[in-house]
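Source file: protein.txt. Holds: compact mmCIF, C-alpha atoms.
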# COMPACT_ATOMS: atom_id res chain seq x y z
CA MET A 1 -31.15 -12.02 2.07
CA THR A 2 -31.70 -11.21 5.73
CA PRO A 3 -30.89 -7.54 6.38
CA SER A 4 -27.87 -7.02 8.60
CA PRO A 5 -27.46 -4.25 11.14
CA VAL A 6 -25.53 -1.20 10.04
CA LEU A 7 -22.60 -2.34 12.14
CA ASP A 8 -21.85 -5.23 14.43
CA PRO A 9 -23.09 -4.12 17.87
CA ALA A 10 -20.17 -5.84 19.62
CA ILE A 11 -16.50 -5.49 18.79
CA ARG A 12 -14.86 -8.86 19.18
CA THR A 13 -11.77 -9.16 21.36
CA THR A 14 -9.20 -11.84 22.01
CA THR A 15 -8.45 -13.17 25.46
CA LEU A 16 -5.40 -11.83 27.23
CA GLY A 17 -2.43 -14.07 26.65
CA THR A 18 -3.44 -15.28 23.19
CA PRO A 19 -0.41 -14.68 20.97
CA PRO A 20 -0.83 -12.87 17.66
CA THR A 21 -0.98 -15.06 14.56
CA PHE A 22 1.86 -13.21 12.86
CA GLY A 23 5.52 -12.60 13.52
CA VAL A 24 8.16 -9.94 13.08
CA SER A 25 7.93 -8.00 9.82
CA ALA A 26 9.75 -9.73 6.96
CA THR A 27 10.82 -6.27 5.80
CA LEU A 28 12.61 -5.53 9.07
CA ALA A 29 14.31 -8.91 9.01
CA ALA A 30 15.59 -8.27 5.48
CA ASN A 31 16.80 -4.80 6.46
CA GLU A 32 18.91 -6.29 9.26
CA VAL A 33 20.70 -8.59 6.81
CA LEU A 34 21.24 -5.72 4.35
CA ASP A 35 22.68 -3.51 7.09
CA SER A 36 25.08 -6.25 8.10
CA ARG A 37 26.28 -6.59 4.48
CA ARG A 38 26.72 -2.82 4.19
CA HIS A 39 28.92 -2.79 7.28
CA ARG A 40 31.10 -5.47 5.68
CA GLY A 41 31.35 -3.40 2.50
CA ASP A 42 29.38 -5.90 0.40
CA PRO A 43 27.06 -4.64 -2.38
CA VAL A 44 23.36 -4.44 -1.55
CA LEU A 45 20.16 -3.68 -3.43
CA PRO A 46 17.48 -2.61 -0.91
CA MET A 47 14.23 -3.62 -2.60
CA ALA A 48 12.26 -5.05 0.32
CA PHE A 49 10.94 -1.89 1.99
CA GLY A 50 7.95 -0.13 0.40
CA GLU A 51 9.14 3.44 0.91
CA ALA A 52 9.09 6.24 -1.66
CA GLY A 53 12.75 7.07 -1.00
CA LEU A 54 12.52 10.77 -1.93
CA PRO A 55 13.33 14.06 -0.18
CA VAL A 56 10.64 16.18 1.47
CA HIS A 57 9.64 19.24 -0.53
CA GLN A 58 11.00 22.43 0.98
CA SER A 59 7.57 24.03 1.30
CA LEU A 60 6.42 21.14 3.48
CA ARG A 61 9.48 21.50 5.70
CA GLU A 62 8.67 25.18 6.10
CA ALA A 63 5.00 24.50 6.89
CA LEU A 64 5.99 22.01 9.59
CA ALA A 65 8.59 24.36 11.05
CA ASP A 66 6.16 27.28 11.09
CA ALA A 67 3.60 25.22 12.98
CA ALA A 68 6.18 24.08 15.52
CA ALA A 69 7.41 27.65 15.98
CA THR A 70 3.94 28.90 16.90
CA GLY A 71 3.83 26.51 19.84
CA SER A 72 1.02 24.29 18.53
CA ASN A 73 1.58 21.68 21.19
CA ALA A 74 -1.91 21.30 22.60
CA TYR A 75 -4.22 18.35 22.08
CA GLY A 76 -6.63 18.92 19.21
CA PRO A 77 -9.89 17.31 18.11
CA VAL A 78 -9.75 13.52 17.77
CA ALA A 79 -11.13 13.78 14.22
CA GLY A 80 -8.41 16.23 13.24
CA SER A 81 -8.35 19.99 12.85
CA ALA A 82 -11.07 21.75 10.89
CA ALA A 83 -8.44 23.07 8.48
CA LEU A 84 -7.09 19.60 7.73
CA ARG A 85 -10.52 18.01 7.31
CA THR A 86 -11.57 20.83 4.99
CA ALA A 87 -8.39 20.46 2.93
CA ALA A 88 -8.81 16.68 2.72
CA ALA A 89 -12.43 17.14 1.61
CA SER A 90 -11.24 19.52 -1.11
CA TYR A 91 -8.71 16.89 -2.25
CA TRP A 92 -11.55 14.41 -2.87
CA ASN A 93 -13.82 17.08 -4.34
CA ARG A 94 -11.21 17.72 -7.03
CA ARG A 95 -11.37 14.01 -7.84
CA ASP A 96 -15.14 14.12 -8.37
CA LEU A 97 -15.94 12.61 -4.97
CA PRO A 98 -18.11 15.24 -3.23
CA THR A 99 -17.03 15.25 0.40
CA ASP A 100 -18.18 17.14 3.46
CA PRO A 101 -15.43 17.90 6.02
CA ALA A 102 -17.72 16.35 8.65
CA ASP A 103 -17.26 13.00 6.86
CA VAL A 104 -13.45 13.13 7.20
CA VAL A 105 -11.57 11.56 10.11
CA CYS A 106 -7.81 12.02 10.48
CA GLY A 107 -5.31 9.84 12.28
CA PRO A 108 -1.58 9.21 12.80
CA GLY A 109 -1.19 7.46 9.48
CA SER A 110 -3.69 5.64 7.30
CA LYS A 111 -2.41 2.39 8.83
CA ALA A 112 -3.85 3.37 12.22
CA LEU A 113 -7.12 4.37 10.57
CA LEU A 114 -7.34 1.04 8.76
CA TYR A 115 -6.93 -0.84 12.02
CA ALA A 116 -9.52 1.36 13.72
CA LEU A 117 -11.95 0.74 10.86
CA VAL A 118 -11.55 -3.03 11.12
CA ALA A 119 -12.17 -2.82 14.87
CA ALA A 120 -15.10 -0.41 14.46
CA ILE A 121 -16.90 -2.50 11.86
CA GLY A 122 -16.45 -5.76 13.76
CA GLY A 123 -16.70 -9.26 12.36
CA ASP A 124 -14.42 -10.90 9.84
CA ILE A 125 -13.05 -9.18 6.75
CA ALA A 126 -12.46 -10.42 3.20
CA VAL A 127 -8.97 -9.63 1.93
CA PRO A 128 -7.52 -10.08 -1.58
CA GLN A 129 -4.85 -12.73 -2.01
CA PRO A 130 -2.20 -11.37 -2.40
CA SER A 131 -2.52 -8.11 -0.48
CA TRP A 132 -0.55 -5.83 1.83
CA VAL A 133 0.85 -7.75 4.78
CA SER A 134 -0.82 -5.67 7.51
CA TYR A 135 -4.46 -6.31 6.57
CA ALA A 136 -4.56 -9.86 7.91
CA ALA A 137 -2.39 -8.93 10.90
CA GLN A 138 -4.68 -6.06 11.82
CA ALA A 139 -7.72 -8.31 11.58
CA SER A 140 -6.06 -10.70 14.01
CA LEU A 141 -5.25 -7.85 16.42
CA ALA A 142 -8.88 -6.75 16.28
CA GLY A 143 -10.04 -10.25 17.21
CA ALA A 144 -11.29 -11.00 13.72
CA THR A 145 -10.24 -13.31 10.91
CA ALA A 146 -9.05 -12.30 7.45
CA LEU A 147 -10.88 -14.32 4.81
CA LEU A 148 -8.32 -14.64 2.01
CA VAL A 149 -9.94 -14.49 -1.44
CA PRO A 150 -7.92 -14.85 -4.67
CA ALA A 151 -7.45 -11.53 -6.43
CA ALA A 152 -9.11 -10.88 -9.77
CA SER A 153 -6.91 -12.22 -12.55
CA ALA A 154 -7.30 -9.06 -14.64
CA GLY A 155 -5.25 -6.96 -12.23
CA GLY A 156 -4.52 -6.59 -8.57
CA GLY A 157 -6.01 -5.17 -5.43
CA VAL A 158 -9.57 -6.53 -5.49
CA PRO A 159 -10.90 -10.03 -4.80
CA ASP A 160 -12.30 -12.02 -7.68
CA ALA A 161 -16.06 -11.42 -7.58
CA ALA A 162 -17.19 -15.03 -7.96
CA ALA A 163 -14.66 -16.22 -5.39
CA LEU A 164 -15.74 -13.48 -2.99
CA ASP A 165 -19.37 -14.47 -3.39
CA ARG A 166 -18.60 -18.13 -2.62
CA ALA A 167 -16.31 -17.31 0.29
CA VAL A 168 -18.72 -14.96 2.04
CA THR A 169 -21.66 -17.32 1.51
CA ALA A 170 -19.72 -20.28 2.91
CA ALA A 171 -18.33 -18.31 5.86
CA ARG A 172 -21.74 -17.02 6.89
CA ALA A 173 -23.23 -20.48 6.55
CA ASP A 174 -20.51 -21.59 8.96
CA GLY A 175 -21.46 -18.87 11.44
CA ARG A 176 -18.64 -16.45 10.60
CA PRO A 177 -19.85 -12.83 10.42
CA VAL A 178 -18.06 -11.40 7.37
CA ARG A 179 -18.96 -7.70 7.30
CA ALA A 180 -16.33 -5.96 5.18
CA VAL A 181 -13.97 -6.35 2.25
CA ILE A 182 -10.77 -4.38 1.81
CA VAL A 183 -9.27 -3.39 -1.54
CA THR A 184 -6.01 -1.63 -2.48
CA LEU A 185 -6.19 0.71 -5.45
CA PRO A 186 -3.60 0.73 -6.96
CA ASP A 187 -2.25 -2.46 -5.51
CA ASN A 188 0.58 -3.33 -3.20
CA PRO A 189 2.23 -5.83 -3.85
CA THR A 190 1.60 -6.03 -7.61
CA GLY A 191 1.77 -2.38 -8.68
CA ARG A 192 -1.33 -3.01 -10.81
CA LEU A 193 -4.90 -1.78 -11.23
CA PRO A 194 -7.94 -4.03 -11.54
CA SER A 195 -9.93 -3.91 -14.74
CA PRO A 196 -13.14 -1.82 -14.59
CA GLY A 197 -15.14 -5.01 -15.04
CA ALA A 198 -13.44 -6.75 -12.12
CA LEU A 199 -13.99 -3.74 -9.86
CA ARG A 200 -17.63 -3.42 -10.87
CA ALA A 201 -18.30 -7.13 -10.34
CA MET A 202 -16.67 -7.02 -6.89
CA CYS A 203 -18.85 -4.04 -5.92
CA GLU A 204 -21.97 -5.90 -7.03
CA VAL A 205 -21.07 -8.83 -4.78
CA ALA A 206 -20.36 -6.47 -1.89
CA GLU A 207 -23.75 -4.82 -2.36
CA ARG A 208 -25.53 -8.17 -2.57
CA HIS A 209 -23.95 -9.30 0.71
CA ASP A 210 -24.30 -5.89 2.39
CA LEU A 211 -20.54 -5.62 2.92
CA ILE A 212 -18.68 -2.44 3.76
CA ILE A 213 -15.86 -1.73 1.29
CA ILE A 214 -12.66 -0.26 2.72
CA SER A 215 -10.76 1.21 -0.23
CA ASP A 216 -7.11 1.84 0.58
CA GLU A 217 -6.11 4.45 -2.02
CA ILE A 218 -2.75 5.50 -0.59
CA TYR A 219 -1.11 5.06 -4.04
CA ARG A 220 -3.83 6.79 -6.08
CA ASP A 221 -1.68 9.77 -7.07
CA LEU A 222 1.10 7.48 -8.30
CA VAL A 223 -0.78 5.87 -11.21
CA PHE A 224 1.57 6.05 -14.19
CA ASP A 225 0.75 8.38 -17.06
CA ASP A 226 0.33 5.51 -19.54
CA ALA A 227 -1.84 3.36 -17.23
CA PRO A 228 -5.63 3.01 -17.53
CA PRO A 229 -7.72 5.67 -15.77
CA PHE A 230 -8.09 5.20 -12.03
CA GLU A 231 -11.48 3.99 -10.79
CA THR A 232 -12.73 3.81 -7.21
CA PRO A 233 -15.54 1.75 -5.68
CA THR A 234 -16.80 4.98 -4.12
CA THR A 235 -18.45 5.91 -7.43
CA LEU A 236 -20.03 2.45 -7.79
CA PHE A 237 -21.08 1.72 -4.19
CA PRO A 238 -21.00 5.12 -2.45
CA LYS A 239 -23.26 4.39 0.52
CA ARG A 240 -21.02 1.64 1.94
CA THR A 241 -17.49 2.56 0.82
CA VAL A 242 -14.83 4.08 3.07
CA VAL A 243 -11.70 5.55 1.46
CA THR A 244 -8.37 5.95 3.21
CA THR A 245 -5.29 7.78 2.03
CA GLY A 246 -2.33 9.73 3.35
CA LEU A 247 0.88 11.50 2.39
CA SER A 248 3.44 8.74 2.91
CA LYS A 249 3.60 7.61 -0.72
CA ASN A 250 2.81 10.53 -3.03
CA LEU A 251 4.87 13.01 -0.96
CA ALA A 252 7.25 10.54 0.73
CA LEU A 253 6.15 11.56 4.24
CA GLY A 254 6.02 8.09 5.79
CA GLY A 255 7.73 9.21 8.98
CA TRP A 256 5.35 12.12 9.51
CA ARG A 257 2.44 9.72 10.17
CA LEU A 258 -0.72 11.36 8.89
CA GLY A 259 -3.70 9.66 7.29
CA VAL A 260 -7.28 10.58 6.43
CA ALA A 261 -10.46 8.56 5.95
CA ARG A 262 -13.48 9.59 3.89
CA LEU A 263 -16.65 8.11 5.34
CA PRO A 264 -19.89 7.62 3.41
CA SER A 265 -22.67 10.08 4.09
CA GLY A 266 -25.72 8.82 5.89
CA GLU A 267 -26.40 6.56 8.84
CA LEU A 268 -23.47 4.21 8.26
CA GLY A 269 -20.99 7.06 7.99
CA ARG A 270 -22.26 8.71 11.16
CA GLU A 271 -22.06 5.49 13.15
CA LEU A 272 -18.61 4.70 11.80
CA ARG A 273 -17.44 8.19 12.68
CA ASP A 274 -18.64 7.82 16.26
CA ARG A 275 -16.84 4.51 16.60
CA LEU A 276 -13.64 5.75 15.00
CA LEU A 277 -13.54 8.74 17.31
CA ALA A 278 -14.15 6.51 20.32
CA ILE A 279 -11.29 4.23 19.29
CA GLY A 280 -9.01 7.14 18.38
CA SER A 281 -9.66 8.88 21.67
CA GLU A 282 -8.32 5.84 23.52
CA ILE A 283 -5.36 5.10 21.22
CA TRP A 284 -3.92 8.25 19.62
CA SER A 285 -6.01 11.07 21.21
CA ALA A 286 -5.31 13.37 18.22
CA PRO A 287 -2.91 13.56 15.30
CA ALA A 288 0.20 15.69 15.93
CA ASN A 289 -0.72 19.36 15.50
CA PRO A 290 2.36 20.52 13.56
CA VAL A 291 2.00 17.61 11.13
CA GLN A 292 -1.70 18.40 10.69
CA HIS A 293 -0.79 21.96 9.76
CA ALA A 294 1.64 20.77 7.08
CA ALA A 295 -0.83 18.13 5.87
CA ALA A 296 -3.59 20.72 5.48
CA TYR A 297 -1.25 22.68 3.23
CA ALA A 298 -0.39 19.50 1.28
CA PHE A 299 -4.02 18.50 0.70
CA THR A 300 -4.78 21.88 -0.84
CA GLU A 301 -2.36 20.77 -3.59
CA PRO A 302 -0.53 23.99 -4.40
CA ALA A 303 1.23 24.07 -7.76
CA GLU A 304 4.70 23.36 -6.37
CA LEU A 305 3.52 20.17 -4.67
CA THR A 306 1.50 19.06 -7.69
CA GLU A 307 4.67 19.35 -9.78
CA HIS A 308 6.63 17.48 -7.11
CA VAL A 309 4.15 14.58 -7.21
CA THR A 310 4.24 14.56 -11.02
CA ARG A 311 8.03 14.23 -10.99
CA SER A 312 7.84 11.54 -8.34
CA ARG A 313 5.30 9.56 -10.35
CA ARG A 314 7.47 9.72 -13.48
CA LEU A 315 10.56 8.69 -11.54
CA HIS A 316 8.74 5.73 -10.00
CA ALA A 317 7.46 4.70 -13.44
CA ALA A 318 10.85 4.88 -15.13
CA VAL A 319 12.70 2.84 -12.52
CA ALA A 320 9.94 0.28 -11.88
CA LYS A 321 9.61 -0.43 -15.60
CA ALA A 322 13.38 -0.71 -15.98
CA VAL A 323 13.53 -3.20 -13.11
CA ALA A 324 10.62 -5.19 -14.57
CA LEU A 325 12.41 -5.46 -17.91
CA ARG A 326 15.49 -6.92 -16.19
CA PHE A 327 13.43 -9.66 -14.56
CA VAL A 328 11.72 -10.46 -17.87
CA ALA A 329 15.06 -10.63 -19.67
CA TYR A 330 16.20 -13.40 -17.34
CA GLY A 331 13.14 -15.59 -17.56
CA ALA A 332 10.61 -14.34 -15.02
CA ARG A 333 7.04 -13.42 -15.91
CA VAL A 334 6.19 -9.84 -14.93
CA ALA A 335 3.00 -7.89 -15.55
CA ARG A 336 3.84 -4.35 -16.64
CA PRO A 337 3.85 -2.04 -13.59
CA GLN A 338 1.05 0.54 -13.66
CA ALA A 339 1.51 2.45 -10.42
CA ALA A 340 3.62 3.11 -7.32
CA PHE A 341 7.08 1.53 -7.09
CA TYR A 342 6.43 -2.20 -7.09
CA VAL A 343 7.31 -5.05 -9.43
CA TYR A 344 5.87 -8.54 -9.00
CA PRO A 345 8.03 -11.12 -10.82
CA ASP A 346 6.91 -14.73 -11.13
CA PHE A 347 9.81 -17.20 -11.26
CA SER A 348 7.72 -20.30 -11.95
CA PRO A 349 9.12 -20.60 -15.52
CA LEU A 350 12.52 -21.10 -13.85
CA ALA A 351 11.26 -23.51 -11.18
CA ASP A 352 13.15 -26.59 -12.42
CA HIS A 353 16.40 -24.67 -12.81
CA LEU A 354 16.10 -23.01 -9.41
CA LEU A 355 15.44 -26.37 -7.77
CA GLY A 356 18.28 -28.18 -9.53
CA ARG A 357 20.96 -25.53 -9.10
CA HIS A 358 19.98 -23.70 -5.93
CA GLY A 359 17.63 -26.07 -4.11
CA VAL A 360 14.84 -23.47 -4.22
CA THR A 361 11.44 -24.97 -3.46
CA SER A 362 9.54 -21.89 -2.28
CA ASP A 363 9.42 -18.13 -2.58
CA GLU A 364 10.91 -17.86 0.92
CA ARG A 365 13.94 -19.90 -0.19
CA LEU A 366 14.26 -17.78 -3.33
CA ALA A 367 14.10 -14.50 -1.40
CA ASP A 368 16.62 -15.86 1.11
CA LEU A 369 18.98 -16.87 -1.69
CA LEU A 370 18.86 -13.40 -3.21
CA LEU A 371 19.29 -11.72 0.15
CA ARG A 372 22.05 -13.75 1.79
CA ARG A 373 24.15 -14.67 -1.22
CA TYR A 374 23.75 -11.53 -3.32
CA GLY A 375 22.51 -8.79 -1.00
CA VAL A 376 19.30 -8.25 -2.97
CA GLY A 377 16.52 -7.54 -0.50
CA VAL A 378 13.07 -8.56 -1.75
CA LEU A 379 10.02 -10.06 -0.07
CA PRO A 380 8.47 -13.45 -0.81
CA ALA A 381 4.93 -13.14 -2.10
CA SER A 382 3.80 -15.56 0.61
CA ALA A 383 4.25 -12.64 3.03
CA PHE A 384 1.31 -11.12 1.13
CA GLY A 385 -0.81 -14.26 1.29
CA GLU A 386 0.36 -16.08 -1.85
CA GLN A 387 1.16 -19.79 -1.96
CA PRO A 388 4.94 -20.25 -1.42
CA TRP A 389 5.32 -22.69 -4.30
CA ARG A 390 4.29 -20.03 -6.82
CA LEU A 391 7.80 -18.53 -6.62
CA ARG A 392 6.65 -14.93 -6.75
CA LEU A 393 8.40 -11.94 -5.20
CA ARG A 394 7.45 -8.39 -4.26
CA VAL A 395 10.18 -6.03 -5.42
CA ALA A 396 10.12 -2.41 -4.20
CA THR A 397 12.13 0.02 -6.33
CA GLY A 398 11.75 3.24 -4.34
CA MET A 399 15.08 2.98 -2.53
CA LEU A 400 17.16 2.82 -5.72
CA TYR A 401 17.08 6.58 -6.35
CA GLY A 402 20.25 7.32 -4.41
CA GLU A 403 21.91 7.04 -1.03
CA THR A 404 22.10 10.78 -0.40
CA GLY A 405 19.62 13.63 -0.51
CA ALA A 406 21.54 15.18 -3.38
CA GLN A 407 21.30 12.01 -5.46
CA ARG A 408 17.57 11.66 -4.82
CA ALA A 409 16.99 15.30 -5.69
CA ALA A 410 18.93 14.78 -8.92
CA ALA A 411 16.76 11.75 -9.75
CA LEU A 412 13.62 13.86 -9.25
CA ALA A 413 15.06 16.65 -11.36
CA ALA A 414 15.84 14.22 -14.18
CA ALA A 415 12.25 12.96 -14.17
CA GLY A 416 10.98 16.55 -14.27
CA ALA A 417 13.26 17.43 -17.17
CA ASP A 418 11.92 14.55 -19.29
CA ALA A 419 15.33 12.89 -19.05
CA ASP A 420 15.70 9.22 -18.19
CA PRO A 421 16.62 8.96 -14.49
CA CYS A 422 17.90 5.45 -15.18
CA ASP A 423 20.86 7.06 -16.96
CA LEU A 424 22.08 8.60 -13.71
CA PRO A 425 25.26 6.74 -12.66
CA TRP A 426 24.00 5.42 -9.32
CA ILE A 427 20.66 4.20 -10.70
CA ALA A 428 22.40 2.68 -13.72
CA ALA A 429 24.82 0.92 -11.36
CA ALA A 430 21.92 -0.54 -9.35
CA LEU A 431 20.27 -1.83 -12.52
CA GLU A 432 23.58 -3.30 -13.68
CA ARG A 433 24.03 -5.06 -10.35
CA LEU A 434 20.50 -6.48 -10.61
CA GLU A 435 21.33 -7.81 -14.08
CA GLU A 436 24.49 -9.47 -12.77
CA VAL A 437 22.59 -11.21 -9.98
CA LEU A 438 19.72 -12.35 -12.19
CA ALA A 439 22.15 -13.62 -14.81
CA GLU A 440 23.96 -15.74 -12.23
CA VAL A 441 20.78 -17.04 -10.59
CA SER A 442 19.17 -17.99 -13.90
CA SER A 443 22.21 -19.46 -15.67
I'd like the structure from this file rewritten - as structure tokens, please.
Amino acid sequence: MTPSPVLDPAIRTTTLGTPPTFGVSATLAANEVLDSRRHRGDPVLPMAFGEAGLPVHQSLREALADAAATGSNAYGPVAGSAALRTAAASYWNRRDLPTDPADVVCGPGSKALLYALVAAIGGDIAVPQPSWVSYAAQASLAGATALLVPAASAGGGVPDAAALDRAVTAARADGRPVRAVIVTLPDNPTGRLPSPGALRAMCEVAERHDLIIISDEIYRDLVFDDAPPFETPTTLFPKRTVVTTGLSKNLALGGWRLGVARLPSGELGRELRDRLLAIGSEIWSAPANPVQHAAAYAFTEPAELTEHVTRSRRLHAAVAKAVALRFVAYGARVARPQAAFYVYPDFSPLADHLLGRHGVTSDERLADLLLRRYGVGVLPASAFGEQPWRLRLRVATGMLYGETGAQRAAALAAAGADADPCDLPWIAAALERLEEVLAEVSS
């Protein structure tokens, strides 16, 4: 194998006027239809948007307010404050990933950091199929191409090793500079973890091809208690693995926009850091100071926040598993959810029925049927790179916990009290409505 440079010396760009190869978010489009139904008084089940749907812990509100009250309105370091980088390093240290604060870069959400990483590395990027919708879109924005590789069959979130090997070899033979592979652990859209063997095999292929692994671990703290232990490529391929995470999922702080990246030590990490800071300085300048202050507190993981995350994880598990059972009961195939708040039903066993009764020929048609006729907002798996004929859907359960802050707090309290949050009247009503819809669609 011919050694490759640490990083591509030139960041590819598109010519002005070239339109992006993606459209308006399918999630936003579904939300518009759901809002319209709400205004008419029709029942809705909002299961398209991947949001945790939980209240912010009071201690985080206080930390943010304290920072704002002190007048912390100046620009800060592009990499993030020393306090935040130290706290983020301690977060990884507690997970047996020794981290120096100098190897941490912060940004306004892990999504911005992921885009900056794709741009900083340069070249094309291998992406699991299916995978989160923004990976391919971000590659396009960065002037690169997402090389879709079927996910490992033993789970979700990582490309199949043999398929990745073939795809990278063929792409490079065709003159395409594939330099990175992105993985999601645990996975969105499937809510699953890859098997240790699949992860190890993927890392071996990445090492053989000198790829950089970007490991998106935003859902790491939401692995269910009965799921297999979490594993990260950082322990298998530490010199060329970047980890990103944030607070939008485990602490439901999506609107606060704060993410962190852990870079590998050594030459690659130093060069990536320089490039990330150069990109960040021209795009976001610095993360918001008050949010950094609250995030530094969060990453130290005080007992009250650890308990809050534990309750959240148990709530997500209870509702996601209950939703999965409803889909199974009406004929869909569903792998048992292992993390986060996602269910990934496969309606192919009902393909003939759906075609004959509803004229459904694709996952887009199926999602549209559920949305417009029944007010059930889900996303077609083709939005995540799947083939439309597979009739798979991505179902997000995080918005079923209640319509008010009091209801969501009660759902969290039930999970913390070892009660079944699905017995709460509003969650039980949502599950009953889902049963009604699935019964009608499948009968």
- Query: Any idea what the distance is between CA of Trp389 in chain A and CA of Asp187 in chain A?
  - Reply: 21.6 Å
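Nearest-residue note for Val33 in chain A: choosing from A:Asp368, A:Asp274, A:Glu217, A:Asp96, the minimum distance belongs to A:Asp368, counting only C-alpha atoms.
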- Message: Using only C-alpha atoms, can you tell me which of A:His353, A:Arg240, A:Arg208, A:Arg336 comes closest to Leu193 in chain A?
- Response: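 Residue with the minimum atom-to-atom distance to Leu193 in chain A: A:Arg336.
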- Message: At a cut-off of 9 Å, using all atoms listed in the file, what residues contact Phe384 in chain A? Leave out same-chain residues fewer than 2 positions from it and give the result as number ranges by chain.
- Response: A: 129-134, 188-189, 379-382, 386, 394
- Distance criterion (all atoms listed in the file): nearest to Ala152 in chain A out of A:Met202, A:Ile218, A:Ala126, A:Ala83: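 Selected residue with least distance to Ala152 in chain A: A:Met202.
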- Please identify all polymer residues within 7 Å of range 87-90 of chain A, counting only C-alpha atoms, omitting same-chain residues fewer than 3 positions from it, and present them as a ChimeraX atom specification. /A:83-84,93-94,99-101,104,296,299-300
Mind dumping the selected residues with C-alpha atoms as a CSV table (one decimal), keeping the file's coordinate frame?
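Output saved as out.csv:
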chain,number,residue,atom,x,y,z
A,83,ALA,CA,-8.4,23.1,8.5
A,84,LEU,CA,-7.1,19.6,7.7
A,93,ASN,CA,-13.8,17.1,-4.3
A,94,ARG,CA,-11.2,17.7,-7.0
A,99,THR,CA,-17.0,15.2,0.4
A,100,ASP,CA,-18.2,17.1,3.5
A,101,PRO,CA,-15.4,17.9,6.0
A,104,VAL,CA,-13.4,13.1,7.2
A,296,ALA,CA,-3.6,20.7,5.5
A,299,PHE,CA,-4.0,18.5,0.7
A,300,THR,CA,-4.8,21.9,-0.8
- Note on the structure: note - CA of Glu267 in chain A and CA of Asp103 in chain A are separated by 11.4 Å
- Message: Need to verify the contact set: range 313-322 of chain A, 6 Å, only C-alpha atoms, exclusion of same-chain residues closer than 4 positions in sequence. Can you return it as an NGL selection string?
- Response: :A and (222 or 341 or 397 or 415)
Counting only C-alpha atoms, which residues in range 31-73 of chain A sit no more than 12 Å from range 285-289 of chain A? For each one, give the nearest pair of atoms and the distance in Å, sorted by chain then residue number, as CSV.
residue,atom,partner,partner_atom,distance
A:Ala63,CA,A:Asn289,CA,11.5
A:Leu64,CA,A:Asn289,CA,9.3
A:Ala65,CA,A:Asn289,CA,11.5
A:Asp66,CA,A:Asn289,CA,11.4
A:Ala67,CA,A:Asn289,CA,7.7
A:Ala68,CA,A:Asn289,CA,8.4
A:Ala69,CA,A:Asn289,CA,11.6
A:Thr70,CA,A:Asn289,CA,10.7
A:Gly71,CA,A:Asn289,CA,9.5
A:Ser72,CA,A:Asn289,CA,6.0
A:Asn73,CA,A:Asn289,CA,6.6
- 6 Å contact set for range 253-259 of chain A, all atoms listed in the file, chain neighbours under 6 positions out, as a ChimeraX atom specification: /A:106-110,245-247
Can you spit out the residues from that selection as an mmCIF file, in the frame of the given file, using C-alpha atoms?
data_model
loop_
_atom_site.group_PDB
_atom_site.id
_atom_site.type_symbol
_atom_site.label_atom_id
_atom_site.label_comp_id
_atom_site.auth_asym_id
_atom_site.auth_seq_id
_atom_site.Cartn_x
_atom_site.Cartn_y
_atom_site.Cartn_z
ATOM 1 C CA CYS A 106 -7.810 12.020 10.480
ATOM 2 C CA GLY A 107 -5.310 9.840 12.280
ATOM 3 C CA PRO A 108 -1.580 9.210 12.800
ATOM 4 C CA GLY A 109 -1.190 7.460 9.480
ATOM 5 C CA SER A 110 -3.690 5.640 7.300
ATOM 6 C CA THR A 245 -5.290 7.780 2.030
ATOM 7 C CA GLY A 246 -2.330 9.730 3.350
ATOM 8 C CA LEU A 247 0.880 11.500 2.390
#
